[in-house]
$ cat run-v2.csv   # CSV, C-alpha atoms and all ligand atoms
chain,number,residue,atom,x,y,z
N,131,MET,CA,94.3,100.0,86.5
N,132,SER,CA,93.0,96.8,87.9
N,133,ALA,CA,94.2,95.1,91.1
N,134,LYS,CA,97.8,94.0,91.1
N,135,LEU,CA,99.3,91.3,93.2
N,136,ILE,CA,102.0,92.4,95.7
N,137,LYS,CA,102.4,89.0,97.2
N,138,GLU,CA,100.0,86.2,98.0
N,139,GLY,CA,96.8,87.6,99.5
N,140,VAL,CA,97.9,91.3,99.2
N,141,TYR,CA,96.8,93.4,96.2
N,142,ALA,CA,97.4,97.0,95.1
N,143,VAL,CA,93.9,98.4,94.3
N,144,GLY,CA,94.6,102.1,94.1
N,145,VAL,CA,94.5,104.4,91.1
N,146,THR,CA,96.8,106.4,88.9
N,147,ASP,CA,96.3,110.1,88.3
N,148,TRP,CA,98.4,110.4,85.2
N,149,ASN,CA,97.8,114.0,84.5
N,150,GLU,CA,97.9,115.6,87.9
N,151,ARG,CA,100.5,118.4,87.7
N,152,CYS,CA,99.6,120.7,90.6
N,153,PHE,CA,99.4,118.7,93.7
N,154,HIS,CA,98.7,120.3,97.1
N,155,GLY,CA,96.9,123.3,95.6
N,156,HIS,CA,99.7,124.3,93.2
N,157,THR,CA,102.5,124.0,95.8
N,158,TYR,CA,103.9,120.8,94.4
N,159,VAL,CA,104.5,120.4,90.6
N,160,THR,CA,104.1,116.7,89.8
N,161,LYS,CA,105.7,116.3,86.4
N,162,ARG,CA,105.3,112.6,86.5
N,163,GLY,CA,101.8,112.5,87.8
N,164,VAL,CA,100.5,110.9,91.0
N,165,THR,CA,99.2,107.6,92.3
N,166,TYR,CA,96.9,107.2,95.2
N,167,ASN,CA,97.7,103.7,96.5
N,168,SER,CA,95.3,101.5,98.4
N,169,TYR,CA,95.9,97.9,99.5
N,170,LEU,CA,93.6,94.9,99.9
N,171,ILE,CA,94.5,92.0,102.1
N,172,LEU,CA,92.6,88.7,101.8
N,173,ASP,CA,92.4,87.0,105.1
N,174,GLU,CA,89.7,85.8,107.4
N,175,LYS,CA,88.8,89.4,107.8
N,176,ILE,CA,89.2,91.1,104.4
N,177,THR,CA,91.0,94.3,105.0
N,178,LEU,CA,91.4,97.5,103.0
N,179,ILE,CA,94.3,99.9,103.8
N,180,ASP,CA,93.6,103.5,102.9
N,181,THR,CA,91.3,104.9,100.1
N,182,VAL,CA,92.0,107.3,97.3
N,183,ARG,CA,91.2,110.9,96.3
N,184,ALA,CA,87.7,112.0,95.6
N,185,GLY,CA,86.7,111.5,91.9
N,186,PHE,CA,88.4,108.1,91.8
N,187,GLU,CA,85.9,106.3,94.0
N,188,LYS,CA,84.4,104.2,91.2
N,189,GLU,CA,87.8,103.1,89.9
N,190,LEU,CA,88.8,102.1,93.4
N,191,ILE,CA,85.6,100.1,93.8
N,192,GLU,CA,86.1,98.4,90.4
N,193,ASN,CA,89.6,97.5,91.3
N,194,ILE,CA,88.4,95.9,94.6
N,195,LYS,CA,85.7,94.1,92.7
N,196,SER,CA,88.2,92.5,90.4
N,197,VAL,CA,89.4,90.6,93.6
N,198,VAL,CA,86.5,90.5,96.0
N,199,ASP,CA,83.0,91.9,96.5
N,200,PRO,CA,83.5,95.2,98.5
N,201,ALA,CA,80.5,94.3,100.7
N,202,LYS,CA,82.7,91.5,102.1
N,203,ILE,CA,85.3,93.8,103.4
N,204,ASP,CA,85.5,93.5,107.2
N,205,VAL,CA,88.2,96.0,108.1
N,206,ILE,CA,89.2,99.4,106.7
N,207,ILE,CA,92.4,101.0,108.1
N,208,ILE,CA,92.8,104.7,107.7
N,209,ASN,CA,96.5,105.5,108.0
N,210,HIS,CA,96.0,109.2,107.1
N,211,ILE,CA,93.1,111.4,106.4
N,212,GLU,CA,94.5,114.0,104.0
N,213,PRO,CA,91.9,114.2,101.2
N,214,ASP,CA,94.2,112.5,98.6
N,215,HIS,CA,93.7,109.4,100.7
N,216,SER,CA,90.4,109.9,102.3
N,217,GLY,CA,88.3,111.6,99.6
N,218,ALA,CA,86.7,108.3,98.6
N,219,PHE,CA,86.1,107.3,102.2
N,220,PRO,CA,82.4,108.3,102.3
N,221,GLU,CA,81.6,106.2,99.2
N,222,ILE,CA,83.8,103.3,100.4
N,223,LEU,CA,81.8,103.3,103.6
N,224,LYS,CA,78.6,102.8,101.5
N,225,ALA,CA,80.2,100.1,99.4
N,226,CYS,CA,81.5,98.3,102.5
N,227,PRO,CA,78.6,98.4,105.0
N,228,ASN,CA,80.0,95.7,107.3
N,229,ALA,CA,83.4,97.1,107.7
N,230,LYS,CA,84.9,98.2,111.0
N,231,ILE,CA,87.2,101.2,110.7
N,232,TYR,CA,90.6,101.7,112.5
N,233,GLY,CA,92.8,104.7,112.7
N,234,THR,CA,94.1,107.2,115.2
N,235,GLU,CA,91.8,109.3,117.4
N,236,LYS,CA,93.0,112.3,115.4
N,237,ALA,CA,92.0,110.6,112.2
N,238,LYS,CA,88.5,110.0,113.5
N,239,GLN,CA,88.1,113.7,114.5
N,240,GLY,CA,89.4,114.7,111.1
N,241,LEU,CA,87.1,112.4,109.1
N,242,LEU,CA,84.1,113.7,111.0
N,243,LYS,CA,85.2,117.3,110.3
N,244,TYR,CA,85.7,116.6,106.6
N,245,TYR,CA,82.9,114.3,105.8
N,246,GLY,CA,80.6,114.1,108.8
N,247,VAL,CA,81.0,110.3,109.0
N,248,CYS,CA,83.6,107.9,110.4
N,249,GLY,CA,81.7,104.6,110.3
N,250,ASP,CA,82.0,101.9,113.0
N,251,TRP,CA,85.2,103.4,114.3
N,252,SER,CA,87.9,102.1,116.7
N,253,SER,CA,90.8,104.4,117.6
N,254,VAL,CA,94.2,102.7,117.8
N,255,LYS,CA,97.7,103.8,118.7
N,256,SER,CA,101.3,102.4,118.7
N,257,GLY,CA,101.6,99.0,120.4
N,258,GLN,CA,98.0,98.0,119.5
N,259,LYS,CA,97.5,95.0,117.2
N,260,LEU,CA,94.6,93.7,115.2
N,261,CYS,CA,94.3,90.0,114.3
N,262,ILE,CA,92.6,89.5,110.9
N,263,GLY,CA,93.2,85.8,110.6
N,264,LYS,CA,96.7,84.4,109.7
N,265,ARG,CA,97.9,88.0,110.0
N,266,THR,CA,98.2,90.3,112.9
N,267,LEU,CA,98.6,94.0,112.0
N,268,ASP,CA,100.6,96.4,114.1
N,269,PHE,CA,99.8,100.0,114.3
N,270,ILE,CA,102.6,102.6,114.6
N,271,ASP,CA,101.7,106.3,115.3
N,272,VAL,CA,103.8,108.7,113.2
N,273,PRO,CA,102.3,112.0,114.2
N,274,MET,CA,103.4,114.9,112.1
N,275,ILE,CA,104.9,112.7,109.4
N,276,HIS,CA,103.3,114.6,108.1
N,277,TRP,CA,99.8,115.3,109.7
N,278,PRO,CA,98.8,114.8,113.4
N,279,ASP,CA,96.7,111.8,112.5
N,280,SER,CA,99.3,109.9,110.5
N,281,MET,CA,100.2,106.3,111.2
N,282,PHE,CA,101.9,103.2,109.6
N,283,THR,CA,100.5,99.7,109.6
N,284,TYR,CA,102.8,96.7,109.6
N,285,SER,CA,102.0,93.1,108.6
N,286,ALA,CA,104.6,90.8,110.1
N,287,TYR,CA,103.1,87.8,108.2
N,288,ASP,CA,103.7,89.6,104.8
N,289,LYS,CA,106.8,91.6,106.0
N,290,ILE,CA,105.1,94.7,104.6
N,291,LEU,CA,105.2,98.2,106.1
N,292,PHE,CA,102.2,100.2,104.8
N,293,SER,CA,103.7,103.6,105.2
N,294,ASN,CA,101.2,105.9,103.7
N,295,ASP,CA,103.0,109.2,102.8
N,296,GLY,CA,106.3,108.0,104.3
N,297,PHE,CA,108.7,106.8,101.6
N,298,GLY,CA,106.3,108.1,98.9
N,299,GLN,CA,107.1,109.4,95.4
N,300,HIS,CA,104.9,111.2,92.9
N,301,TYR,CA,105.4,108.9,90.1
N,302,ALA,CA,102.5,107.8,87.9
N,303,THR,CA,103.2,104.4,86.3
N,304,ASN,CA,101.6,101.1,85.4
N,305,LYS,CA,104.3,99.3,87.3
N,306,ILE,CA,104.2,98.3,90.9
N,307,PHE,CA,107.7,97.8,92.3
N,308,ASP,CA,110.8,100.0,92.6
N,309,ASP,CA,112.9,97.7,90.5
N,310,GLU,CA,110.5,98.0,87.5
N,311,VAL,CA,111.3,101.7,86.8
N,312,ASN,CA,114.5,103.7,86.3
N,313,PHE,CA,116.3,103.8,89.7
N,314,GLY,CA,117.7,107.4,89.2
N,315,ALA,CA,114.3,108.8,88.2
N,316,LEU,CA,112.7,107.0,91.2
N,317,MET,CA,115.2,108.4,93.7
N,318,ASP,CA,114.8,111.9,92.2
N,319,GLU,CA,111.1,111.7,92.8
N,320,ALA,CA,111.7,110.4,96.4
N,321,GLN,CA,114.1,113.3,97.1
N,322,LYS,CA,111.6,115.8,95.7
N,323,TYR,CA,108.9,114.3,97.8
N,324,TYR,CA,111.0,114.5,100.9
N,325,ALA,CA,112.0,118.1,100.3
N,326,ASN,CA,108.5,119.3,99.6
N,327,ILE,CA,106.5,117.2,102.1
N,328,LEU,CA,108.7,116.0,104.9
N,329,TRP,CA,111.6,118.5,105.2
N,330,PRO,CA,109.8,120.6,107.9
N,331,PHE,CA,109.6,117.5,110.1
N,332,ASN,CA,113.2,116.4,109.9
N,333,MET,CA,113.7,115.9,113.6
N,334,LEU,CA,110.5,113.9,113.9
N,335,VAL,CA,111.4,111.8,110.9
N,336,ALA,CA,114.9,111.0,112.5
N,337,SER,CA,113.4,110.1,115.9
N,338,LYS,CA,110.7,108.0,114.4
N,339,LEU,CA,113.1,106.1,112.1
N,340,ALA,CA,115.2,105.4,115.3
N,341,SER,CA,112.2,104.1,117.2
N,342,ILE,CA,111.0,102.0,114.3
N,343,ASP,CA,114.6,100.6,114.0
N,344,LYS,CA,114.3,99.5,117.7
N,345,LEU,CA,111.1,97.5,116.8
N,346,ASN,CA,113.3,95.2,114.7
N,347,LEU,CA,110.6,94.8,112.1
N,348,ASN,CA,111.4,92.4,109.3
N,349,ILE,CA,110.6,94.5,106.3
N,350,GLU,CA,110.7,93.0,102.8
N,351,PHE,CA,108.3,95.5,101.3
N,352,ILE,CA,107.5,99.2,102.0
N,353,ALA,CA,104.1,100.0,100.5
N,354,PRO,CA,103.6,103.7,100.5
N,355,SER,CA,100.3,105.4,99.4
N,356,HIS,CA,102.1,107.3,96.6
N,357,GLY,CA,104.3,105.7,93.9
N,358,LEU,CA,106.2,102.5,93.7
N,359,VAL,CA,106.4,99.7,96.3
N,360,TRP,CA,109.9,99.3,97.6
N,361,ARG,CA,111.2,95.8,97.6
N,362,LYS,CA,114.7,95.9,96.1
N,363,HIS,CA,115.9,99.3,97.3
N,364,ILE,CA,114.6,99.3,100.9
N,365,SER,CA,118.0,99.9,102.5
N,366,GLU,CA,118.8,102.7,100.0
N,367,ILE,CA,115.6,104.6,100.7
N,368,MET,CA,116.0,104.0,104.5
N,369,GLN,CA,119.6,105.4,104.3
N,370,LYS,CA,118.4,108.3,102.2
N,371,TYR,CA,115.7,109.2,104.8
N,372,LEU,CA,118.4,109.1,107.5
N,373,TYR,CA,120.6,111.3,105.4
N,374,TRP,CA,117.9,113.8,104.4
N,375,SER,CA,116.4,114.0,108.0
N,376,SER,CA,119.9,114.8,109.4
N,377,HIS,CA,120.3,117.5,106.8
N,378,SER,CA,123.7,116.2,105.9
N,379,CYS,CA,125.0,118.5,103.2
N,380,LYS,CA,126.8,118.0,99.9
N,381,ASN,CA,129.6,120.1,98.6
N,382,ARG,CA,127.2,122.0,96.3
N,383,ILE,CA,125.6,125.4,96.1
N,384,ALA,CA,122.2,126.6,94.9
N,385,VAL,CA,122.0,130.1,93.5
N,386,VAL,CA,118.3,131.3,93.5
N,387,TYR,CA,117.4,134.7,92.2
N,388,GLU,CA,114.7,137.0,90.7
N,389,THR,CA,115.6,139.9,88.5
N,390,MET,CA,113.8,142.8,87.1
N,391,TRP,CA,116.0,144.3,84.4
N,392,SER,CA,118.8,141.7,84.3
N,393,SER,CA,121.3,143.4,86.6
N,394,THR,CA,120.7,140.9,89.4
N,395,GLU,CA,120.9,138.1,86.8
N,396,LYS,CA,124.3,139.3,85.6
N,397,MET,CA,125.5,139.3,89.1
N,398,ALA,CA,124.1,135.8,89.6
N,399,ARG,CA,125.9,134.4,86.6
N,400,LYS,CA,129.3,135.9,87.7
N,401,ILE,CA,128.8,134.5,91.2
N,402,VAL,CA,128.2,131.0,89.7
N,403,GLU,CA,131.4,131.5,87.6
N,404,GLY,CA,133.3,132.3,90.8
N,405,ILE,CA,131.9,129.3,92.6
N,406,SER,CA,132.8,127.0,89.6
N,407,SER,CA,136.4,128.3,89.6
N,408,GLU,CA,136.8,126.5,92.9
N,409,GLY,CA,135.4,123.2,91.5
N,410,VAL,CA,132.2,123.4,93.6
N,411,GLU,CA,129.0,122.3,91.9
N,412,ALA,CA,126.5,125.1,91.6
N,413,VAL,CA,123.1,125.4,89.9
N,414,LEU,CA,121.5,128.7,88.9
N,415,PHE,CA,117.7,128.9,89.4
N,416,ASP,CA,115.7,131.9,88.1
N,417,VAL,CA,112.9,131.4,90.6
N,418,THR,CA,110.3,132.8,88.1
N,419,LYS,CA,111.2,130.1,85.6
N,420,ASN,CA,111.8,127.0,87.7
N,421,ASP,CA,109.3,125.1,89.9
N,422,ARG,CA,109.7,125.6,93.5
N,423,THR,CA,109.4,121.9,93.8
N,424,ASP,CA,112.6,121.3,91.9
N,425,ILE,CA,114.6,124.1,93.6
N,426,ALA,CA,113.7,122.7,97.0
N,427,SER,CA,114.8,119.2,96.0
N,428,TYR,CA,118.2,120.5,94.9
N,429,MET,CA,118.6,122.6,98.1
N,430,LEU,CA,117.7,119.8,100.4
N,431,ASP,CA,121.3,118.6,100.5
N,432,ALA,CA,123.2,121.7,99.3
N,433,LYS,CA,125.6,123.2,101.8
N,434,GLY,CA,125.5,126.7,100.3
N,435,TRP,CA,122.5,128.8,99.4
N,436,VAL,CA,122.8,132.1,97.6
N,437,PHE,CA,119.8,134.3,97.1
N,438,GLY,CA,119.5,137.3,94.8
N,439,SER,CA,116.8,139.9,94.2
N,440,SER,CA,116.5,143.3,92.8
N,441,THR,CA,115.1,145.8,95.2
N,442,HIS,CA,111.5,146.8,94.5
N,443,ASP,CA,109.2,148.9,96.7
N,444,GLY,CA,111.6,148.7,99.6
N,445,GLY,CA,112.1,144.9,99.6
N,446,MET,CA,112.7,141.8,97.5
N,447,LEU,CA,110.7,140.9,94.5
N,448,SER,CA,107.5,138.9,95.1
N,449,VAL,CA,108.2,135.5,93.6
N,450,ILE,CA,111.4,135.0,95.5
N,451,ALA,CA,109.6,136.3,98.6
N,452,GLY,CA,107.1,133.5,98.1
N,453,PHE,CA,109.8,130.9,97.7
N,454,LEU,CA,111.6,132.1,100.9
N,455,HIS,CA,108.3,132.0,102.8
N,456,PHE,CA,108.2,128.3,101.9
N,457,LEU,CA,111.8,127.7,102.7
N,458,LYS,CA,111.6,129.2,106.2
N,459,GLY,CA,109.3,126.3,107.1
N,460,SER,CA,112.0,123.8,106.3
N,461,LYS,CA,114.1,122.5,109.2
N,462,ALA,CA,117.4,123.0,107.4
N,463,LYS,CA,120.5,123.4,109.6
N,464,GLY,CA,124.1,124.1,109.0
N,465,CYS,CA,123.7,125.9,105.7
N,466,LYS,CA,125.7,129.0,104.8
N,467,SER,CA,124.1,131.7,102.7
N,468,PHE,CA,124.6,135.1,101.3
N,469,ALA,CA,122.3,137.6,99.6
N,470,PHE,CA,122.9,139.9,96.7
N,471,GLY,CA,121.1,142.1,94.4
N,472,SER,CA,120.9,145.3,92.3
N,473,TYR,CA,119.1,148.4,93.4
N,474,GLY,CA,118.3,152.0,92.3
N,475,TRP,CA,117.8,153.8,95.6
N,476,SER,CA,118.8,152.1,98.9
N,477,GLY,CA,118.8,148.4,98.2
N,478,GLU,CA,116.6,146.8,101.0
N,479,ALA,CA,116.2,143.5,99.2
N,480,VAL,CA,119.3,141.9,100.6
N,481,LYS,CA,118.3,142.7,104.2
N,482,ASP,CA,114.7,141.5,103.4
N,483,ILE,CA,116.2,138.2,102.2
N,484,GLU,CA,118.3,137.8,105.3
N,485,ASP,CA,115.5,138.7,107.7
N,486,THR,CA,113.1,136.3,106.1
N,487,ILE,CA,115.1,133.1,106.5
N,488,SER,CA,117.5,133.8,109.3
N,489,ASN,CA,115.8,131.1,111.3
N,490,VAL,CA,117.1,128.3,109.0
N,491,THR,CA,120.5,129.6,107.7
N,492,SER,CA,123.3,132.0,108.6
N,493,PHE,CA,124.4,134.7,106.3
N,494,GLU,CA,127.8,135.8,105.0
N,495,PRO,CA,128.1,139.6,104.3
N,496,SER,CA,125.8,140.6,101.4
N,497,LEU,CA,126.6,142.3,98.1
N,498,LYS,CA,124.5,145.0,96.5
N,499,ILE,CA,125.2,147.0,93.4
N,500,LEU,CA,123.7,150.2,92.2
N,501,TRP,CA,121.8,150.1,88.9
N,502,ASN,CA,123.8,147.9,86.4
N,503,PRO,CA,127.1,146.2,87.3
N,504,THR,CA,130.2,147.5,85.8
N,505,CYS,CA,133.1,145.2,84.7
N,506,GLU,CA,134.8,145.9,88.0
N,507,GLU,CA,131.7,145.1,89.9
N,508,LEU,CA,131.2,141.9,88.0
N,509,ASP,CA,134.8,141.0,89.0
N,510,LYS,CA,133.7,141.5,92.6
N,511,CYS,CA,130.7,139.2,92.0
N,512,PHE,CA,133.2,136.6,90.7
N,513,LYS,CA,135.4,137.0,93.8
N,514,VAL,CA,132.4,136.8,96.2
N,515,GLY,CA,131.3,133.5,94.6
N,516,LYS,CA,134.9,132.2,94.7
N,517,THR,CA,135.2,133.1,98.4
N,518,PHE,CA,131.9,131.6,99.3
N,519,ALA,CA,132.8,128.3,97.5
N,520,LEU,CA,136.1,128.2,99.5
N,521,LYS,CA,134.0,128.8,102.7
N,522,ILE,CA,131.7,125.9,101.8
N,523,LYS,CA,134.6,123.6,101.0
N,524,SER,CA,136.3,124.4,104.3
N,525,GLU,CA,133.0,123.8,106.3
N,526,LEU,CA,132.8,120.4,104.8
N,527,ASN,CA,136.4,119.4,105.4
P,1,LIG,FE1,99.4,111.9,100.5
P,1,LIG,FE2,99.5,113.7,103.4
P,1,LIG,O1,98.7,113.0,101.9
$ encode --input "run-v2.csv" --output "structure tokens"
Amino acid sequence: MSAKLIKEGVYAVGVTDWNERCFHGHTYVTKRGVTYNSYLILDEKITLIDTVRAGFEKELIENIKSVVDPAKIDVIIINHIEPDHSGAFPEILKACPNAKIYGTEKAKQGLLKYYGVCGDWSSVKSGQKLCIGKRTLDFIDVPMIHWPDSMFTYSAYDKILFSNDGFGQHYATNKIFDDEVNFGALMDEAQKYYANILWPFNMLVASKLASIDKLNLNIEFIAPSHGLVWRKHISEIMQKYLYWSSHSCKNRIAVVYETMWSSTEKMARKIVEGISSEGVEAVLFDVTKNDRTDIASYMLDAKGWVFGSSTHDGGMLSVIAGFLHFLKGSKAKGCKSFAFGSYGWSGEAVKDIEDTISNVTSFEPSLKILWNPTCEELDKCFKVGKTFALKIKSELN
């Protein structure tokens, strides 16, 4: 990819990682690949906002060169130091020997810890501004959205909010803007991104959105450091962030299970039939066959969660245990759940499930069945699913 014009004087110079499928050390399956966005502003002081992942340094430098000699860059702004944005920083420092570097104090500490260098650094915080010529850039701290060092940078002249991870999507494309790709696919990726990156920080996202709203920024572009630049659908993505961060729930139920010899799976299928009999949307996820990334995205706005596991060695099976470990870090609220599963001795899996995520959801009475479910027991699964669906419907009415 070469540099692409966002608007006069502002270029996208980042890179596209078309084949990245295991982002964040295998915790995030990126079926559409990833982009690491970096932005170049031509003004009296030539300014680079964020760098890219290690391994893409040369491509970033070539993209910058297609617009300007990197040695002429005066300012580098580091909105966030996670290595997908800072890995190229040491090489960029060498290519831009005259640049002054700006970021939060936490970012400085982090860069020194990761790379042993931070360049000619100035720490900045919310309320501080930097004049680069016609433009004055505003810095906005967004700590824990999603790292302690995170910040946004706003250019009032361009009406662009450079939001780093905020409003990102893992969507590799040779397009630049939100209106150049399929809207449904884009929003799916934005939701998946929120569920897998920002969900644990719901309260912070909500309060930061409120404080940014009070700033009355005139925003015509949101330029994140992953995926497409928002220009047409800004109000939609803002509304979605308000909705996701408030954990508003839809009338739908996720049924997530792991089975050993299919008994728990038979129960799961009957439970879904019972839910469906009440006209409530439900999706069945075998946690061993679906990406955690996709399940979390569906669960982000599901009102009901149902978890099943066979009992093994006195607890739940290991893959669903890993999934619930992830889920207990979410800041879900208001969800109703119940646990179910088959067993051969004493059936500890359901209690194990309940104990693991009781911090984020409340449980209805569980259902456990010895060995293999009989026809009568499958009828019971159907009825439990139906009753749970009625409960979910009544909670939302
Ligand atoms: Fe895209 Fe927090 O890094």
$ closest_residue --input "run-v2.csv" --among "N:Ile262, N:Gly249, N:Ser132, N:Tyr244" --to "Lys175 in chain N" --atoms "all atoms listed in the file"
N:Ile262
$ residues_around --input "run-v2.csv" --residues "Leu520 in chain N" --least-positions-apart "3" --cutoff "9 Å" --atoms "all atoms listed in the file" --output "list in words"
Ile405, Glu408, Val410, Gly515, Lys516, Thr517, Lys523, Ser524 and Glu525 of chain N
$ atom_distance --input "run-v2.csv" --atom1 "CA of Phe437 in chain N" --atom2 "CA of Leu328 in chain N"
22.8 Å
$ atom_distance --input "run-v2.csv" --atom1 "CA of Ser378 in chain N" --atom2 "CA of Ala432 in chain N"
8.6 Å
$ closest_residue --input "run-v2.csv" --among "N:Ala225, N:Val436, N:Leu267, N:Leu241" --to "Met397 in chain N" --atoms "all atoms listed in the file"
N:Val436
$ closest_residue --input "run-v2.csv" --among "N:Arg265, N:His276, N:Lys362, N:Lys188" --to "ligand LIG 1 (chain P)" --atoms "all atoms listed in the file"
N:His276
$ residues_around --input "run-v2.csv" --residues "Leu291 in chain N" --least-positions-apart "6" --cutoff "9 Å" --atoms "all atoms listed in the file" --output "PyMOL selection string"
chain N and resi 282-285+347+349-354
$ write_last_selection --input "run-v2.csv" --atoms "C-alpha atoms" --output "CSV table (one decimal), in the frame of the given file"
chain,number,residue,atom,x,y,z
N,282,PHE,CA,101.9,103.2,109.6
N,283,THR,CA,100.5,99.7,109.6
N,284,TYR,CA,102.8,96.7,109.6
N,285,SER,CA,102.0,93.1,108.6
N,347,LEU,CA,110.6,94.8,112.1
N,349,ILE,CA,110.6,94.5,106.3
N,350,GLU,CA,110.7,93.0,102.8
N,351,PHE,CA,108.3,95.5,101.3
N,352,ILE,CA,107.5,99.2,102.0
N,353,ALA,CA,104.1,100.0,100.5
N,354,PRO,CA,103.6,103.7,100.5
$ closest_residue --input "run-v2.csv" --among "N:Asp482, N:Glu319, N:Asp250, N:Asp421" --to "Cys152 in chain N" --atoms "only C-alpha atoms"
N:Asp421
$ atom_distance --input "run-v2.csv" --atom1 "CA of Pro227 in chain N" --atom2 "CA of Pro273 in chain N"
28.8 Å
$ residues_near_ligand --input "run-v2.csv" --ligand "ligand LIG 1 (chain P)" --cutoff "7 Å" --atoms "only C-alpha atoms and all ligand atoms" --output "list in words"
His210, Glu212, Pro213, Asp214, His215, His276, Trp277, Asp295, Ser355 and His356 of chain N
$ residues_around --input "run-v2.csv" --residues "Thr303 in chain N" --least-positions-apart "5" --cutoff "9 Å" --atoms "all atoms listed in the file" --output "PyMOL selection string"
chain N and resi 146+148+162-165+311+357-358
$ residues_near_point --input "run-v2.csv" --point "(112.4, 116.7, 114.1)" --cutoff "12 Å" --atoms "all atoms listed in the file" --output "count of residues only"
27
$ residues_around --input "run-v2.csv" --residues "Ile206 in chain N" --least-positions-apart "3" --cutoff "7 Å" --atoms "only C-alpha atoms" --output "list in words"
Thr177, Leu178, Ile179, Ala229, Lys230, Ile231 and Tyr232 of chain N
$ closest_residue --input "run-v2.csv" --among "N:Leu190, N:Ala519, N:Val182, N:Leu454" --to "Asn294 in chain N" --atoms "all atoms listed in the file"
N:Val182
$ decode --input "run-v2.csv" --residues "range 285-301 of chain N" --atoms "N, CA and C atoms" --output "mmCIF file, in the first residue's frame"
data_model
loop_
_atom_site.group_PDB
_atom_site.id
_atom_site.type_symbol
_atom_site.label_atom_id
_atom_site.label_comp_id
_atom_site.auth_asym_id
_atom_site.auth_seq_id
_atom_site.Cartn_x
_atom_site.Cartn_y
_atom_site.Cartn_z
ATOM 1 N N SER N 285 -7.629 16.948 15.524
ATOM 2 C CA SER N 285 -7.258 18.100 14.707
ATOM 3 C C SER N 285 -8.530 18.873 14.356
ATOM 4 N N ALA N 286 -8.718 20.024 15.011
ATOM 5 C CA ALA N 286 -9.922 20.829 14.735
ATOM 6 C C ALA N 286 -9.913 21.350 13.299
ATOM 7 N N TYR N 287 -8.736 21.657 12.782
ATOM 8 C CA TYR N 287 -8.618 22.173 11.410
ATOM 9 C C TYR N 287 -9.173 21.158 10.408
ATOM 10 N N ASP N 288 -8.833 19.896 10.623
ATOM 11 C CA ASP N 288 -9.273 18.832 9.697
ATOM 12 C C ASP N 288 -10.585 18.192 10.123
ATOM 13 N N LYS N 289 -11.003 18.484 11.370
ATOM 14 C CA LYS N 289 -12.184 17.832 11.953
ATOM 15 C C LYS N 289 -11.994 16.306 12.000
ATOM 16 N N ILE N 290 -10.764 15.920 12.346
ATOM 17 C CA ILE N 290 -10.432 14.491 12.426
ATOM 18 C C ILE N 290 -10.090 14.128 13.867
ATOM 19 N N LEU N 291 -10.704 13.052 14.363
ATOM 20 C CA LEU N 291 -10.321 12.473 15.643
ATOM 21 C C LEU N 291 -9.462 11.245 15.344
ATOM 22 N N PHE N 292 -8.194 11.301 15.732
ATOM 23 C CA PHE N 292 -7.299 10.156 15.572
ATOM 24 C C PHE N 292 -7.438 9.316 16.845
ATOM 25 N N SER N 293 -8.156 8.216 16.747
ATOM 26 C CA SER N 293 -8.664 7.527 17.941
ATOM 27 C C SER N 293 -7.920 6.240 18.294
ATOM 28 N N ASN N 294 -6.837 5.969 17.584
ATOM 29 C CA ASN N 294 -6.046 4.768 17.827
ATOM 30 C C ASN N 294 -6.938 3.527 17.909
ATOM 31 N N ASP N 295 -6.931 2.790 19.049
ATOM 32 C CA ASP N 295 -7.740 1.554 19.103
ATOM 33 C C ASP N 295 -9.243 1.839 19.140
ATOM 34 N N GLY N 296 -9.624 3.015 19.650
ATOM 35 C CA GLY N 296 -11.049 3.343 19.731
ATOM 36 C C GLY N 296 -11.680 3.356 18.341
ATOM 37 N N PHE N 297 -12.848 2.738 18.222
ATOM 38 C CA PHE N 297 -13.620 2.687 16.974
ATOM 39 C C PHE N 297 -12.927 1.855 15.882
ATOM 40 N N GLY N 298 -11.963 1.016 16.311
ATOM 41 C CA GLY N 298 -11.244 0.195 15.335
ATOM 42 C C GLY N 298 -12.046 -1.014 14.888
ATOM 43 N N GLN N 299 -11.538 -1.626 13.835
ATOM 44 C CA GLN N 299 -12.086 -2.891 13.330
ATOM 45 C C GLN N 299 -10.920 -3.641 12.705
ATOM 46 N N HIS N 300 -10.902 -4.972 12.860
ATOM 47 C CA HIS N 300 -9.858 -5.744 12.188
ATOM 48 C C HIS N 300 -10.386 -6.148 10.820
ATOM 49 N N TYR N 301 -10.018 -5.331 9.835
ATOM 50 C CA TYR N 301 -10.607 -5.453 8.501
ATOM 51 C C TYR N 301 -9.540 -5.030 7.494
#
